[in-house]
Amino acid sequence: MNFVTDMATAISRTIDDGDHVHMAGFTHLIPFAAGHEMIRQDLADLTISRSTPDVVTDQLVAAGCVDRLIFSYIGNPGVGSLRAVRRAVEDGVPRELEIEESTHLGTVSRLRAAATGLPFLPLKTFSDSEIPKHTETIRLIDNPFGDGEIYVVPPLEPEVAIIGAQRADEHGNAQLWGISGDNIDAAFAADRVLLVVEEVVSESVIASDPNRTVIPGHLVDSVVEEPFGAHPSYAQGYYDRDGQSYRKWDDISSTHKGVMDWLDEWVYGVTDRTEYLEHLGRSRLEELTPKPKYSAPINVGKY
Amino acid sequence: MTEYTRSEVMVANAAKELKDGDIVFVGVGLPTIACTLAKRTHAPDLRMVFESGLVDTSFSGVPLSIGDPELAATASSTMPMYDVLTRYLQGGRIDVGFLGGAQVDRRGNLNSTVIGDYENPDVRLPGSGGACDIATNAKRTVIVMPHERRRLPEAVDFVTSPGRAAESSGPPPRGGPTAVITDLAVFRFDDDGTLYVDSIHPGVSKDQLREETGWSIDVSDVEATPEPSDLELDLIRSELDPDGEYTR
């Protein structure tokens with residue numbers, strides 16, 4: 001089946017108000033284009049989960065789309081705070097934000113538990129930390145096979161996972177390289193998967209290297225081809241992280257108005273990612289594009 | 001003698017905590033600079049592992065983020081986050097973890113979660129990320145952070161990552177912190193798990209150290225922290241932190 005569609009259609013048919021949406025991607029392949037379309041469609045009362053919410057969550061929270069945030073690190077990586085998330089938590093601006101926090105190991109263990117159909121996963125962390133006091137989804141149980149106790153966490157089961165990858169065929173069989181983060185576990189953990197790729201390629205390209213096809217197409221409900229869809233984060237081999245944009249966000253986000261003005265210009269003021277990229281300018285995109293360097297082909301054998 | 005900053009003393013001495021052959025779990029910023037400095041000087045076989053799933057990167061500069069493409073392109077291996085956090089960290093393969101935070105107290109507890117009350121915070125900080133996972137699973141940890149009185153209180157506002165707890169809730173952490181290195185001094189732990197001043201950086205007065213530390217410290221018999229060498233200073237300034245973002 002051909003699952004390829006445009007972002008606006010994919011978002012409107014995959015996500016409803018009130019859904020729990022896991023936005024996958026650890027530093028890499030962060031679904032910014034999808035987040036911006038969620039804001040344009042004025043989705044509301046969402047639960048968003050991300051290990052590291054990142055700037056895209058700052059934007060969703062400021063736009064008033066988010067009711068609840070499940071996370072392990074709310075920072076602007078290498079820069080500082082996520083100021084809009086902070087305003088919501090500290091001052092309820094633009095609205096109260098319920099939070100549920102864990103550690104990175106806690107969050108990805110929950111995704112792995114969901115992906116593998118377990119009622120909980122044991123993990124070694126949290127001892128002597130105050131995090132478990134404030135997070136219902138962390139429990140201490142007796143070790144059934146030995147002395148002492150062990151922490152456990154339940155599955156994280158989002159209705160929707162938005163997953164980035166470099167390329168896929170039209171059936172959603174997706175290849176991802178570089179940092180895979182939580183993308184694979186999230187695809188197996190969610191009820192519905194919205195896949196965002198830099199390019200849709202032919203079945204024969206994907207079929208030539210099954211080991212790199214980490215998201216099988218049968219998990220996927222929509223495929224969106226969105227070049228530079230992860231900007232200002234990056235797609236390995238396609239474009240670099242736009243560190244300047246991350247640094248600038250610190251200033252832009254210093255007031256709620258600053259964020260809303262930015263959204264007016266870059267999200268509400270454009271109809272789609274293509275217009276966003278035109279606004280960013282071709283020369284900026286070229287600056288971010290690395291020279292190619294290919295890995296050596298492997299011999300899979302002709303059978 | 002070459003002039004140097006106190007942050008450069010901090011970074012050079014953080015690097016000295018690392019041994020050749022150590023597998024180090026690293027966060028971006030000061031930890032990456034200290035690890036790269038160690039690797040380029042006394043610990044060429046040191047290996048860095050990142051929570052982003054990158055193992056043994058050979059990138060020689062210092063990235064903005066632990067997930068940057070140039071790091072990913074120069075890693076020996078990449079794996080999903082769950083796998084690196086369980087196979088390496090939880091699996092006991094990490095010798096040293098580097099940690100920092102907004103506050104550290106005399107037992108080495110770190111706070112990177114909130115200033116004030118959790119439910120109604122004065123300042124909401126980023127939270128654990130991998131910090132608590134590192135604190136409880138690395139064989140030892142080294143804490144590196146700037147020294148200010150408000151950042152070294154008697155007790156932290158919130159324990160994000162445990163130090164040397166008197167009694168453990170749940171399975172006891174694997175190692176725990178062995179040193180706290182600030183831009184004023186080097187602290188180590190006594191047998192009771194309490195920090196003492198091991199050395200004071202050149203040019204820092206004992207009065208200043210007392211004033212900037214939130215608990216009572218004994219500075220009657222402390223040595224001077226070793227100065228950074230010319231080679232270390234040259235590496236820091238020309239390659240590891242050329243803009244002086246962390247060390248000026």
# chains A, B, ... in the order shown; residues from 1 in each chain; ligands from 1
>>> select_by_dssp(residues="range 105-246 of chain B", states="strand (DSSP E)", output="PyMOL selection string")
chain B and resi 110-111+114-116+121-124+140-144+177-181+185-189+195-200+223-224
>>> write_last_selection(atoms="C-alpha atoms", output="mmCIF file, in the first residue's frame")
data_model
loop_
_atom_site.group_PDB
_atom_site.id
_atom_site.type_symbol
_atom_site.label_atom_id
_atom_site.label_comp_id
_atom_site.auth_asym_id
_atom_site.auth_seq_id
_atom_site.Cartn_x
_atom_site.Cartn_y
_atom_site.Cartn_z
ATOM 1 C CA LEU B 110 23.542 16.735 42.903
ATOM 2 C CA ASN B 111 20.509 18.836 42.066
ATOM 3 C CA VAL B 114 14.427 22.491 40.897
ATOM 4 C CA ILE B 115 15.427 25.400 43.082
ATOM 5 C CA GLY B 116 12.792 25.680 45.800
ATOM 6 C CA PRO B 121 9.473 25.713 42.039
ATOM 7 C CA ASP B 122 11.289 29.047 42.088
ATOM 8 C CA VAL B 123 13.375 27.814 39.192
ATOM 9 C CA ARG B 124 12.581 24.772 37.122
ATOM 10 C CA ARG B 140 32.908 6.072 39.950
ATOM 11 C CA THR B 141 31.854 9.602 39.118
ATOM 12 C CA VAL B 142 33.635 12.928 39.055
ATOM 13 C CA ILE B 143 31.653 16.107 39.652
ATOM 14 C CA VAL B 144 32.805 19.267 37.899
ATOM 15 C CA PRO B 177 31.381 10.258 43.404
ATOM 16 C CA THR B 178 35.092 10.255 44.233
ATOM 17 C CA ALA B 179 35.856 13.935 43.716
ATOM 18 C CA VAL B 180 34.235 17.325 43.286
ATOM 19 C CA ILE B 181 36.360 19.681 41.229
ATOM 20 C CA ALA B 185 39.340 23.751 44.885
ATOM 21 C CA VAL B 186 39.449 19.967 44.672
ATOM 22 C CA PHE B 187 37.278 18.092 47.196
ATOM 23 C CA ARG B 188 37.407 14.395 48.029
ATOM 24 C CA PHE B 189 35.381 12.145 50.322
ATOM 25 C CA LEU B 195 33.554 16.034 51.322
ATOM 26 C CA TYR B 196 36.813 17.561 52.524
ATOM 27 C CA VAL B 197 39.082 20.061 50.801
ATOM 28 C CA ASP B 198 41.950 18.176 49.208
ATOM 29 C CA SER B 199 43.618 21.119 47.513
ATOM 30 C CA ILE B 200 43.009 24.780 46.861
ATOM 31 C CA GLU B 223 47.920 21.786 49.536
ATOM 32 C CA ALA B 224 47.900 23.836 46.368
#
>>> interface_residues(of="chain B", to="chain A", cutoff="9 Å", atoms="only C-alpha atoms", output="ChimeraX atom specification")
/B:28-29,51-54,63-70,72-73,78-82,85-86,90,109,113,118-137,158-163,165,167-173
>>> closest_residue(among="B:Arg210, B:Arg151, B:Arg93, B:Arg164", to="Phe25 in chain B", atoms="only C-alpha atoms")
B:Arg93
>>> residues_around(residues="Ile11 in chain A", least_positions_apart="4", cutoff="7 Å", atoms="only C-alpha atoms", output="list in words")
Met7, Ile15 and Met38 of chain A
>>> write_last_selection(atoms="C-alpha atoms", output="CSV table (one decimal), in the first residue's frame")
chain,number,residue,atom,x,y,z
A,7,MET,CA,2.2,16.6,6.3
A,15,ILE,CA,-3.6,12.9,15.6
A,38,MET,CA,0.4,20.4,14.8
>>> residues_around(residues="Glu211 in chain B", least_positions_apart="6", cutoff="10 Å", atoms="only C-alpha atoms", output="PDB file with C-alpha atoms, in the first residue's frame")
ATOM      1  CA  GLU B 148      29.582  29.664  44.280  1.00  0.00           C
ATOM      2  CA  ARG B 149      28.066  29.628  47.745  1.00  0.00           C
ATOM      3  CA  SER B 205      42.539  32.450  49.410  1.00  0.00           C
ATOM      4  CA  ILE B 217      35.277  23.338  55.813  1.00  0.00           C
TER       5      ILE B 217
END
>>> closest_residue(among="B:Gly91, B:Gly203, B:Gly108, B:Pro146", to="Arg248 in chain B", atoms="only C-alpha atoms")
B:Pro146
>>> residues_around(residues="Gln175 in chain A", least_positions_apart="5", cutoff="7 Å", atoms="only C-alpha atoms", output="ChimeraX atom specification")
/A:165-168,212-215
>>> residues_around(residues="Ala186 in chain A", least_positions_apart="3", cutoff="9 Å", atoms="only C-alpha atoms", output="JSON, numbers by chain")
{"A": [22, 23, 24, 108, 111, 112, 114, 115, 156, 157, 158, 161, 162, 163, 182, 183, 189, 190, 193]}
>>> write_last_selection(atoms="N, CA and C atoms", output="tab-separated table (two decimals), in the first residue's frame")
chain	number	residue	atom	x	y	z
A	22	HIS	N	4.05	10.64	21.07
A	22	HIS	CA	5.48	10.56	21.36
A	22	HIS	C	6.23	11.10	20.14
A	23	MET	N	7.03	12.13	20.36
A	23	MET	CA	7.83	12.71	19.28
A	23	MET	C	9.25	12.19	19.46
A	24	ALA	N	9.61	11.22	18.62
A	24	ALA	CA	10.89	10.53	18.80
A	24	ALA	C	12.04	11.38	18.28
A	108	VAL	N	13.37	5.53	28.27
A	108	VAL	CA	13.55	4.56	27.17
A	108	VAL	C	13.21	3.14	27.63
A	111	LEU	N	9.54	2.85	26.96
A	111	LEU	CA	9.27	2.60	25.53
A	111	LEU	C	9.59	1.16	25.15
A	112	ARG	N	10.72	0.65	25.68
A	112	ARG	CA	11.10	-0.74	25.38
A	112	ARG	C	10.06	-1.71	25.93
A	114	ALA	N	6.88	-1.14	26.32
A	114	ALA	CA	5.71	-1.07	25.44
A	114	ALA	C	6.00	-1.78	24.12
A	115	ALA	N	7.19	-1.57	23.59
A	115	ALA	CA	7.54	-2.17	22.29
A	115	ALA	C	7.56	-3.68	22.36
A	156	LEU	N	5.28	2.77	28.23
A	156	LEU	CA	4.82	4.07	27.74
A	156	LEU	C	4.13	3.79	26.41
A	157	GLU	N	2.81	3.96	26.39
A	157	GLU	CA	2.04	3.51	25.23
A	157	GLU	C	1.31	4.68	24.56
A	158	PRO	N	2.03	5.42	23.73
A	158	PRO	CA	1.39	6.56	23.07
A	158	PRO	C	0.39	6.11	22.00
A	161	ALA	N	3.13	7.81	17.45
A	161	ALA	CA	4.56	8.15	17.48
A	161	ALA	C	4.90	8.84	16.17
A	162	ILE	N	5.60	9.96	16.29
A	162	ILE	CA	6.12	10.62	15.09
A	162	ILE	C	7.60	10.26	15.03
A	163	ILE	N	7.98	9.61	13.92
A	163	ILE	CA	9.30	9.03	13.81
A	163	ILE	C	10.01	9.62	12.60
A	182	ASP	N	15.58	6.89	20.31
A	182	ASP	CA	14.45	6.07	20.77
A	182	ASP	C	13.50	5.76	19.61
A	183	ASN	N	13.93	6.05	18.37
A	183	ASN	CA	13.02	5.98	17.22
A	183	ASN	C	12.46	4.58	16.99
A	189	ALA	N	6.18	0.94	19.95
A	189	ALA	CA	5.40	1.18	21.18
A	189	ALA	C	4.04	1.81	20.90
A	190	ALA	N	3.91	2.52	19.77
A	190	ALA	CA	2.71	3.34	19.53
A	190	ALA	C	1.63	2.58	18.76
A	193	VAL	N	1.76	5.19	13.68
A	193	VAL	CA	3.07	5.75	13.40
A	193	VAL	C	3.01	6.69	12.21
>>> residues_around(residues="Glu227 in chain B", least_positions_apart="6", cutoff="8 Å", atoms="only C-alpha atoms", output="PyMOL selection string")
chain B and resi 9+201-202
>>> atom_distance(atom1="CA of Leu60 in chain A", atom2="CA of Asp45 in chain A")
10.9 Å
>>> atom_distance(atom1="CA of Leu184 in chain B", atom2="CA of Ile23 in chain B")
27.2 Å
>>> closest_residue(among="B:Glu212, B:Asp192, B:Asp183, B:Asp105", to="Glu154 in chain B", atoms="only C-alpha atoms")
B:Asp105
>>> closest_residue(among="B:Met48, B:Val156, B:Ala43, B:Leu37", to="Ser238 in chain B", atoms="only C-alpha atoms")
B:Leu37
>>> select_by_dssp(residues="range 54-288 of chain A", states="helix (DSSP H, G or I)", output="VMD selection string")
chain A and resid 54 to 62 83 to 91 104 to 115 131 to 134 183 to 189 203 to 207 210 to 212 217 to 219 243 to 252 256 to 268 273 to 280 282 to 288
>>> atom_distance(atom1="CA of Asp207 in chain B", atom2="CA of Ala34 in chain B")
27.9 Å
